[in-house]
>>> print(open('coords-v6.txt').read())   # compact mmCIF, C-alpha atoms and all ligand atoms
# COMPACT_ATOMS: atom_id res chain seq x y z
CA MET A 2 52.43 5.01 66.39
CA LEU A 3 55.60 7.03 65.83
CA ILE A 4 54.82 10.72 65.53
CA CYS A 5 57.48 13.07 64.26
CA LYS A 6 58.61 16.02 66.38
CA TYR A 7 57.86 18.49 63.61
CA MET A 8 56.25 18.51 60.20
CA ASN A 9 57.14 20.29 56.98
CA PHE A 10 54.25 20.85 54.58
CA TYR A 11 54.94 21.80 50.96
CA VAL A 12 52.04 22.86 48.79
CA MET A 13 52.24 23.02 45.00
CA THR A 14 49.51 25.44 43.94
CA LEU A 15 48.48 28.24 41.61
CA PHE A 16 47.25 30.22 44.66
CA PRO A 17 50.09 30.28 47.20
CA GLU A 18 48.68 33.30 49.10
CA MET A 19 45.50 31.36 49.81
CA ILE A 20 47.50 28.64 51.57
CA LEU A 21 49.74 30.99 53.51
CA GLN A 22 46.87 33.23 54.60
CA GLY A 23 44.78 30.29 55.73
CA MET A 24 47.53 28.45 57.55
CA SER A 25 49.05 31.48 59.30
CA GLN A 26 45.91 32.01 61.45
CA SER A 27 44.88 30.55 64.79
CA ILE A 28 46.45 27.31 66.07
CA THR A 29 48.32 26.44 62.86
CA GLY A 30 49.74 29.99 62.75
CA ARG A 31 50.96 29.60 66.33
CA ALA A 32 52.49 26.22 65.44
CA MET A 33 54.32 27.82 62.50
CA ALA A 34 55.64 30.61 64.74
CA LYS A 35 56.86 28.02 67.28
CA GLY A 36 58.50 25.90 64.57
CA ALA A 37 56.38 22.79 65.29
CA ILE A 38 55.22 22.87 61.67
CA SER A 39 56.39 24.71 58.56
CA VAL A 40 54.30 25.56 55.52
CA GLU A 41 55.78 26.41 52.16
CA ALA A 42 53.55 27.23 49.21
CA VAL A 43 55.21 26.91 45.80
CA ASN A 44 53.67 28.58 42.77
CA ILE A 45 53.41 26.06 39.91
CA ARG A 46 53.17 28.96 37.45
CA ASP A 47 56.79 29.91 38.25
CA TYR A 48 57.87 26.69 36.49
CA THR A 49 56.08 26.98 33.17
CA ASN A 50 58.17 26.98 29.97
CA GLU A 51 55.31 28.62 28.16
CA ARG A 52 56.12 32.21 27.28
CA HIS A 53 52.70 33.61 28.23
CA GLY A 54 52.84 31.87 31.57
CA HIS A 55 50.05 29.40 30.74
CA VAL A 56 49.83 26.27 32.87
CA ASP A 57 46.76 24.66 31.28
CA ASP A 58 45.40 23.61 27.89
CA ALA A 59 42.33 22.03 26.27
CA PRO A 60 41.83 18.28 26.86
CA TYR A 61 42.82 15.81 24.12
CA GLY A 62 39.68 14.09 22.89
CA GLY A 63 37.61 17.22 23.47
CA GLY A 64 35.32 18.16 26.30
CA ALA A 65 34.71 21.15 28.51
CA GLY A 66 37.27 23.02 30.57
CA MET A 67 41.04 23.09 30.72
CA VAL A 68 43.57 20.59 32.01
CA MET A 69 46.70 21.52 33.98
CA GLN A 70 49.78 20.56 31.97
CA ALA A 71 52.35 18.04 33.14
CA GLN A 72 55.48 20.14 32.44
CA PRO A 73 55.13 22.94 35.05
CA ILE A 74 53.92 20.47 37.68
CA CYS A 75 56.79 18.02 37.09
CA ASP A 76 59.45 20.75 36.99
CA CYS A 77 58.03 22.37 40.13
CA TYR A 78 58.04 18.99 41.89
CA GLU A 79 61.60 18.11 40.87
CA ALA A 80 62.94 21.48 42.09
CA LEU A 81 61.08 21.02 45.37
CA LEU A 82 62.27 17.45 45.82
CA GLU A 83 65.87 18.49 45.25
CA ARG A 84 65.52 21.19 47.92
CA ILE A 85 63.96 18.78 50.42
CA ARG A 86 66.81 16.29 49.75
CA ARG A 87 69.40 18.99 50.33
CA GLN A 88 67.71 19.75 53.65
CA GLY A 89 68.65 16.21 54.68
CA ALA A 90 65.48 14.19 54.05
CA GLU A 91 66.36 10.50 53.78
CA LYS A 92 63.23 9.23 52.12
CA LYS A 93 61.16 10.51 49.24
CA PRO A 94 58.22 12.47 50.66
CA ARG A 95 54.68 11.22 50.04
CA VAL A 96 52.85 13.34 47.47
CA ILE A 97 49.13 13.93 48.01
CA TYR A 98 46.97 14.97 45.06
CA LEU A 99 43.65 16.47 46.15
CA THR A 100 40.78 15.19 44.06
CA PRO A 101 37.17 14.08 44.60
CA GLN A 102 38.25 10.81 42.89
CA GLY A 103 40.58 9.89 45.74
CA ARG A 104 40.58 7.80 48.92
CA VAL A 105 38.44 9.58 51.50
CA PHE A 106 40.47 11.33 54.20
CA ASP A 107 39.69 10.37 57.80
CA GLN A 108 41.25 10.47 61.29
CA SER A 109 43.20 7.24 60.90
CA TYR A 110 44.68 8.42 57.59
CA ALA A 111 45.64 11.70 59.34
CA GLU A 112 47.36 9.72 62.11
CA GLU A 113 49.31 7.75 59.52
CA LEU A 114 50.43 10.93 57.72
CA ALA A 115 51.35 12.64 61.00
CA GLY A 116 54.18 10.10 61.25
CA GLU A 117 55.92 11.67 58.22
CA GLU A 118 58.50 14.45 58.36
CA ASN A 119 57.76 16.03 54.95
CA LEU A 120 54.51 16.01 53.00
CA ILE A 121 53.89 17.44 49.55
CA PHE A 122 50.39 18.46 48.42
CA LEU A 123 49.46 19.03 44.79
CA CYS A 124 46.44 21.27 44.31
CA GLY A 125 44.61 20.94 41.00
CA HIS A 126 42.36 23.47 39.33
CA TYR A 127 40.25 23.63 36.18
CA GLU A 128 39.04 20.22 34.99
CA GLY A 129 41.97 18.31 36.39
CA VAL A 130 45.64 17.51 35.95
CA ASP A 131 47.31 15.67 33.06
CA GLU A 132 47.35 12.05 34.22
CA ARG A 133 51.04 11.71 33.31
CA ALA A 134 52.00 14.23 36.00
CA LEU A 135 50.18 12.10 38.60
CA THR A 136 51.92 8.96 37.33
CA LEU A 137 55.37 10.57 37.37
CA LEU A 138 54.92 12.07 40.85
CA GLU A 139 53.48 8.76 42.14
CA THR A 140 50.70 10.64 43.90
CA GLU A 141 48.32 9.37 46.55
CA ASN A 142 44.93 10.65 45.44
CA VAL A 143 42.88 11.95 48.36
CA SER A 144 39.34 13.35 48.64
CA ILE A 145 37.97 15.19 51.67
CA GLY A 146 34.40 14.10 50.93
CA ASP A 147 31.80 13.41 48.28
CA TYR A 148 31.33 16.93 46.95
CA VAL A 149 33.20 18.96 44.35
CA LEU A 150 35.18 22.11 45.20
CA THR A 151 36.76 24.61 42.80
CA GLY A 152 40.31 23.51 43.61
CA GLY A 153 42.57 21.52 45.90
CA GLU A 154 43.65 24.40 48.16
CA LEU A 155 40.85 24.12 50.74
CA PRO A 156 41.15 20.30 50.91
CA ALA A 157 44.94 20.65 51.37
CA MET A 158 44.34 23.09 54.22
CA VAL A 159 41.78 20.77 55.79
CA MET A 160 44.32 17.94 55.73
CA MET A 161 47.18 20.09 57.05
CA ASP A 162 45.01 21.44 59.86
CA CYS A 163 43.96 17.95 60.90
CA ILE A 164 47.50 16.51 60.69
CA SER A 165 49.01 19.51 62.51
CA ARG A 166 46.98 18.95 65.65
CA LEU A 167 48.56 15.49 65.92
CA VAL A 168 52.11 16.92 65.82
CA PRO A 169 53.59 17.23 69.34
CA GLY A 170 53.60 20.80 70.67
CA VAL A 171 50.91 22.09 68.31
CA LEU A 172 48.08 21.80 70.81
CA GLY A 173 48.42 22.91 74.42
CA LYS A 174 48.39 20.26 77.20
CA GLU A 175 44.68 20.72 77.90
CA GLU A 176 43.75 20.50 74.22
CA SER A 177 45.83 17.43 73.48
CA ALA A 178 43.97 15.40 76.11
CA ASP A 179 41.21 15.55 73.52
CA ILE A 180 43.40 14.15 70.75
CA GLU A 181 40.84 11.47 69.86
CA THR A 182 38.14 13.33 67.97
CA PHE A 183 35.76 10.44 68.37
CA HIS A 184 36.34 9.42 71.96
CA ASP A 185 35.75 5.64 72.13
CA GLY A 186 34.31 5.96 68.64
CA LEU A 187 31.44 8.22 69.78
CA LEU A 188 30.49 11.80 68.96
CA GLU A 189 31.13 14.52 71.56
CA TYR A 190 28.55 15.32 74.28
CA PRO A 191 27.03 18.86 74.35
CA GLN A 192 28.99 21.60 76.14
CA TYR A 193 27.72 24.61 78.09
CA THR A 194 29.35 27.62 79.69
CA ARG A 195 28.16 30.74 81.58
CA PRO A 196 25.47 32.01 81.99
CA GLU A 197 23.21 29.34 83.53
CA VAL A 198 20.18 30.70 81.66
CA TYR A 199 20.38 32.25 78.22
CA ARG A 200 17.20 33.36 76.44
CA ASP A 201 15.18 31.09 78.71
CA LEU A 202 17.35 28.08 77.94
CA ARG A 203 18.82 26.48 81.07
CA VAL A 204 22.06 24.55 81.37
CA PRO A 205 21.10 20.91 82.20
CA GLU A 206 20.76 20.69 86.00
CA ILE A 207 23.11 17.72 86.29
CA LEU A 208 26.08 19.82 85.11
CA LEU A 209 25.55 22.20 88.05
CA SER A 210 25.25 19.37 90.60
CA GLY A 211 28.99 19.05 91.22
CA HIS A 212 28.55 15.25 91.20
CA HIS A 213 31.41 14.15 88.96
CA GLY A 214 30.22 10.54 88.53
CA ASN A 215 26.73 11.57 87.48
CA VAL A 216 28.11 14.18 85.08
CA GLU A 217 30.35 11.56 83.42
CA LYS A 218 27.46 9.11 83.08
CA TRP A 219 25.20 11.80 81.59
CA ARG A 220 27.89 12.84 79.12
CA ARG A 221 28.43 9.26 77.94
CA GLU A 222 24.69 8.82 77.48
CA GLN A 223 24.50 12.06 75.52
CA SER A 224 27.38 10.87 73.33
CA ILE A 225 25.61 7.58 72.66
CA GLU A 226 22.33 9.36 71.88
CA ARG A 227 23.99 11.80 69.49
CA THR A 228 25.91 9.08 67.74
CA LEU A 229 22.73 7.08 67.28
CA ARG A 230 20.96 10.17 65.93
CA PHE A 231 23.61 11.68 63.66
CA ARG A 232 26.17 8.95 62.90
CA PRO A 233 24.63 5.51 63.54
CA ASP A 234 27.27 4.09 61.16
CA LEU A 235 29.88 4.67 63.91
CA LEU A 236 28.09 2.55 66.53
CA PRO A 237 29.23 -0.95 65.50
CA LYS A 238 32.84 0.09 66.21
CA ALA A 239 32.15 2.17 69.36
CA ARG A 240 33.73 0.96 72.60
CA LEU A 241 30.83 0.64 75.05
CA THR A 242 30.64 -0.97 78.48
CA GLU A 243 27.97 -3.63 79.13
CA LYS A 244 25.80 -1.01 80.84
CA GLU A 245 26.21 1.39 77.94
CA GLN A 246 25.28 -1.34 75.47
CA ALA A 247 22.12 -1.91 77.49
CA TYR A 248 21.44 1.84 77.39
CA LEU A 249 21.85 1.81 73.60
CA ARG A 250 19.49 -1.18 73.29
CA GLY A 251 16.95 0.85 75.30
CA LEU A 252 17.28 3.78 72.90
CA LEU A 253 16.88 1.48 69.90
CA ALA A 254 13.77 -0.11 71.43
CA GLU A 255 12.32 3.40 72.02
CA GLN A 256 13.09 4.29 68.42
CA GLU A 257 11.26 1.19 67.18
CA LEU A 258 8.23 1.99 69.31
CA GLY A 259 8.27 5.58 68.01
CA GLY A 260 8.49 4.32 64.45
CA ASN A 261 5.46 2.04 64.79
N1 LIG A 301 39.06 19.01 44.68
C1 LIG A 301 37.79 19.34 44.36
N2 LIG A 301 36.94 18.76 45.20
C2 LIG A 301 37.67 18.02 46.09
C3 LIG A 301 37.36 17.18 47.19
N3 LIG A 301 36.10 16.94 47.57
N4 LIG A 301 38.37 16.59 47.85
C4 LIG A 301 39.64 16.81 47.46
N5 LIG A 301 40.00 17.57 46.44
C5 LIG A 301 39.02 18.18 45.74
>>> encode(input="coords-v6.txt", output="structure tokens")
Amino acid sequence: MLICKYMNFYVMTLFPEMILQGMSQSITGRAMAKGAISVEAVNIRDYTNERHGHVDDAPYGGGAGMVMQAQPICDCYEALLERIRRQGAEKKPRVIYLTPQGRVFDQSYAEELAGEENLIFLCGHYEGVDERALTLLETENVSIGDYVLTGGELPAMVMMDCISRLVPGVLGKEESADIETFHDGLLEYPQYTRPEVYRDLRVPEILLSGHHGNVEKWRREQSIERTLRFRPDLLPKARLTEKEQAYLRGLLAEQELGGN
């Protein structure tokens, strides 16, 4: 997969401070300071033609809540697109609209998007966005999970955070070794650090043994056990050795016995 050397994020939102405050912390903040990523939050309200600054109105056909109007969104987008073009972009950036009605975001989608140079996010609020704006912007509709949030800002930040860590130079050398969240399609094993005993809870003896091979084997087994317990749906695609498959069969047999 081709991953770009840097990434420019553009966020169309009614709450630009929320985006900038969130993204300027921690690892993404460091990446912005280094120039590995850039984050620009554009206020949709700045583009309204409405003299009171409104950006929403009641839905045609009736119903609760307000709908974000097409005009400020489309004008905001066109101004942004023109600016991105002038900065030398050759292709039209992909536009992501955050909505619980979208395709569910996952690691492979993040990897695909990390190959882009510019990404535009459209954050909705109220009851939604006039469908014509989505048609005109040719949005990709994306959800971060089956639950409903108050707006698209947090989902946009979730996506940018996840994509950022795939951009070269964002994570340190040590951190990027761990670039696959689900190593071999399994959940992570448990981690421990000093002290050896905390509130009567001991670090598993094997981790203190200094026997690298045994530690690795224990960690893999822990990963398999956790995946079986918390995310059994991942197991059919997990990459397991013959021995590990036998270990998993043992766990499943135990489970069956326990269930009877
Ligand atoms: N907006 C509100 N809820 C959302 C979700 N779960 N994913 C993406 N955008 C949203």
>>> residues_near_ligand(input="coords-v6.txt", ligand="ligand LIG 301 (chain A)", cutoff="10 Å", atoms="only C-alpha atoms and all ligand atoms", output="mmCIF file with C-alpha atoms, keeping the file's coordinate frame")
data_model
loop_
_atom_site.group_PDB
_atom_site.id
_atom_site.type_symbol
_atom_site.label_atom_id
_atom_site.label_comp_id
_atom_site.auth_asym_id
_atom_site.auth_seq_id
_atom_site.Cartn_x
_atom_site.Cartn_y
_atom_site.Cartn_z
ATOM 1 C CA ILE A 97 49.130 13.930 48.010
ATOM 2 C CA TYR A 98 46.970 14.970 45.060
ATOM 3 C CA LEU A 99 43.650 16.470 46.150
ATOM 4 C CA THR A 100 40.780 15.190 44.060
ATOM 5 C CA PRO A 101 37.170 14.080 44.600
ATOM 6 C CA GLN A 102 38.250 10.810 42.890
ATOM 7 C CA GLY A 103 40.580 9.890 45.740
ATOM 8 C CA ARG A 104 40.580 7.800 48.920
ATOM 9 C CA VAL A 105 38.440 9.580 51.500
ATOM 10 C CA PHE A 106 40.470 11.330 54.200
ATOM 11 C CA LEU A 123 49.460 19.030 44.790
ATOM 12 C CA CYS A 124 46.440 21.270 44.310
ATOM 13 C CA GLY A 125 44.610 20.940 41.000
ATOM 14 C CA HIS A 126 42.360 23.470 39.330
ATOM 15 C CA TYR A 127 40.250 23.630 36.180
ATOM 16 C CA GLU A 128 39.040 20.220 34.990
ATOM 17 C CA GLY A 129 41.970 18.310 36.390
ATOM 18 C CA ASN A 142 44.930 10.650 45.440
ATOM 19 C CA VAL A 143 42.880 11.950 48.360
ATOM 20 C CA SER A 144 39.340 13.350 48.640
ATOM 21 C CA ILE A 145 37.970 15.190 51.670
ATOM 22 C CA GLY A 146 34.400 14.100 50.930
ATOM 23 C CA ASP A 147 31.800 13.410 48.280
ATOM 24 C CA TYR A 148 31.330 16.930 46.950
ATOM 25 C CA VAL A 149 33.200 18.960 44.350
ATOM 26 C CA LEU A 150 35.180 22.110 45.200
ATOM 27 C CA THR A 151 36.760 24.610 42.800
ATOM 28 C CA GLY A 152 40.310 23.510 43.610
ATOM 29 C CA GLY A 153 42.570 21.520 45.900
ATOM 30 C CA GLU A 154 43.650 24.400 48.160
ATOM 31 C CA LEU A 155 40.850 24.120 50.740
ATOM 32 C CA PRO A 156 41.150 20.300 50.910
ATOM 33 C CA ALA A 157 44.940 20.650 51.370
ATOM 34 C CA VAL A 159 41.780 20.770 55.790
ATOM 35 C CA MET A 160 44.320 17.940 55.730
#
>>> atom_distance(input="coords-v6.txt", atom1="atom CA of Gly62 of chain A", atom2="atom CA of Glu132 of chain A")
13.8 Å
>>> atom_distance(input="coords-v6.txt", atom1="atom CA of Thr194 of chain A", atom2="atom CA of Glu206 of chain A")
12.7 Å
>>> closest_residue(input="coords-v6.txt", among="A:Val96, A:Leu167, A:Leu236, A:Val216", to="Pro191 of chain A", atoms="all atoms listed in the file")
A:Val216
>>> closest_atom_pairs(input="coords-v6.txt", of="segment 29-93 of chain A", to="segment 116-122 of chain A", cutoff="9 Å", atoms="all atoms listed in the file", output="Markdown table")
| residue | atom | partner | partner_atom | distance |
| --- | --- | --- | --- | --- |
| A:Tyr78 | CA | A:Ile121 | CA | 8.8 |
| A:Ile85 | CA | A:Asn119 | CA | 8.2 |
| A:Ala90 | CA | A:Asn119 | CA | 8.0 |
| A:Lys93 | CA | A:Asn119 | CA | 8.6 |
>>> closest_atom_pairs(input="coords-v6.txt", of="segment 10-80 of chain A", to="segment 136-141 of chain A", cutoff="10 Å", atoms="all atoms listed in the file", output="tab-separated table")
residue	atom	partner	partner_atom	distance
A:Ala71	CA	A:Leu137	CA	9.1
A:Ile74	CA	A:Leu138	CA	9.0
A:Cys75	CA	A:Leu138	CA	7.3
A:Tyr78	CA	A:Leu138	CA	7.7
A:Glu79	CA	A:Leu138	CA	9.0
>>> atom_distance(input="coords-v6.txt", atom1="atom CA of His55 of chain A", atom2="atom CA of Ile20 of chain A")
21.0 Å
>>> closest_residue(input="coords-v6.txt", among="A:Leu114, A:Val56, A:Leu202, A:Leu249", to="Ser224 of chain A", atoms="only C-alpha atoms")
A:Leu249
>>> closest_residue(input="coords-v6.txt", among="A:Arg220, A:Arg195, A:Arg31, A:Arg227", to="Ile207 of chain A", atoms="all atoms listed in the file")
A:Arg220
>>> closest_residue(input="coords-v6.txt", among="A:Asp131, A:Phe10, A:Tyr248, A:Phe183", to="Met67 of chain A", atoms="all atoms listed in the file")
A:Asp131
>>> closest_residue(input="coords-v6.txt", among="A:Thr228, A:Asn215, A:Thr29, A:Asn9", to="Asp185 of chain A", atoms="all atoms listed in the file")
A:Thr228
>>> closest_residue(input="coords-v6.txt", among="A:Ala247, A:Leu82, A:Ala239, A:Val40", to="Met24 of chain A", atoms="all atoms listed in the file")
A:Val40
>>> residues_around(input="coords-v6.txt", residues="Gln22 of chain A", least_positions_apart="3", cutoff="12 Å", atoms="only C-alpha atoms", output="MDAnalysis selection string")
chainID A and resid 16:19 25:27 29:30 40:42 154:155 158
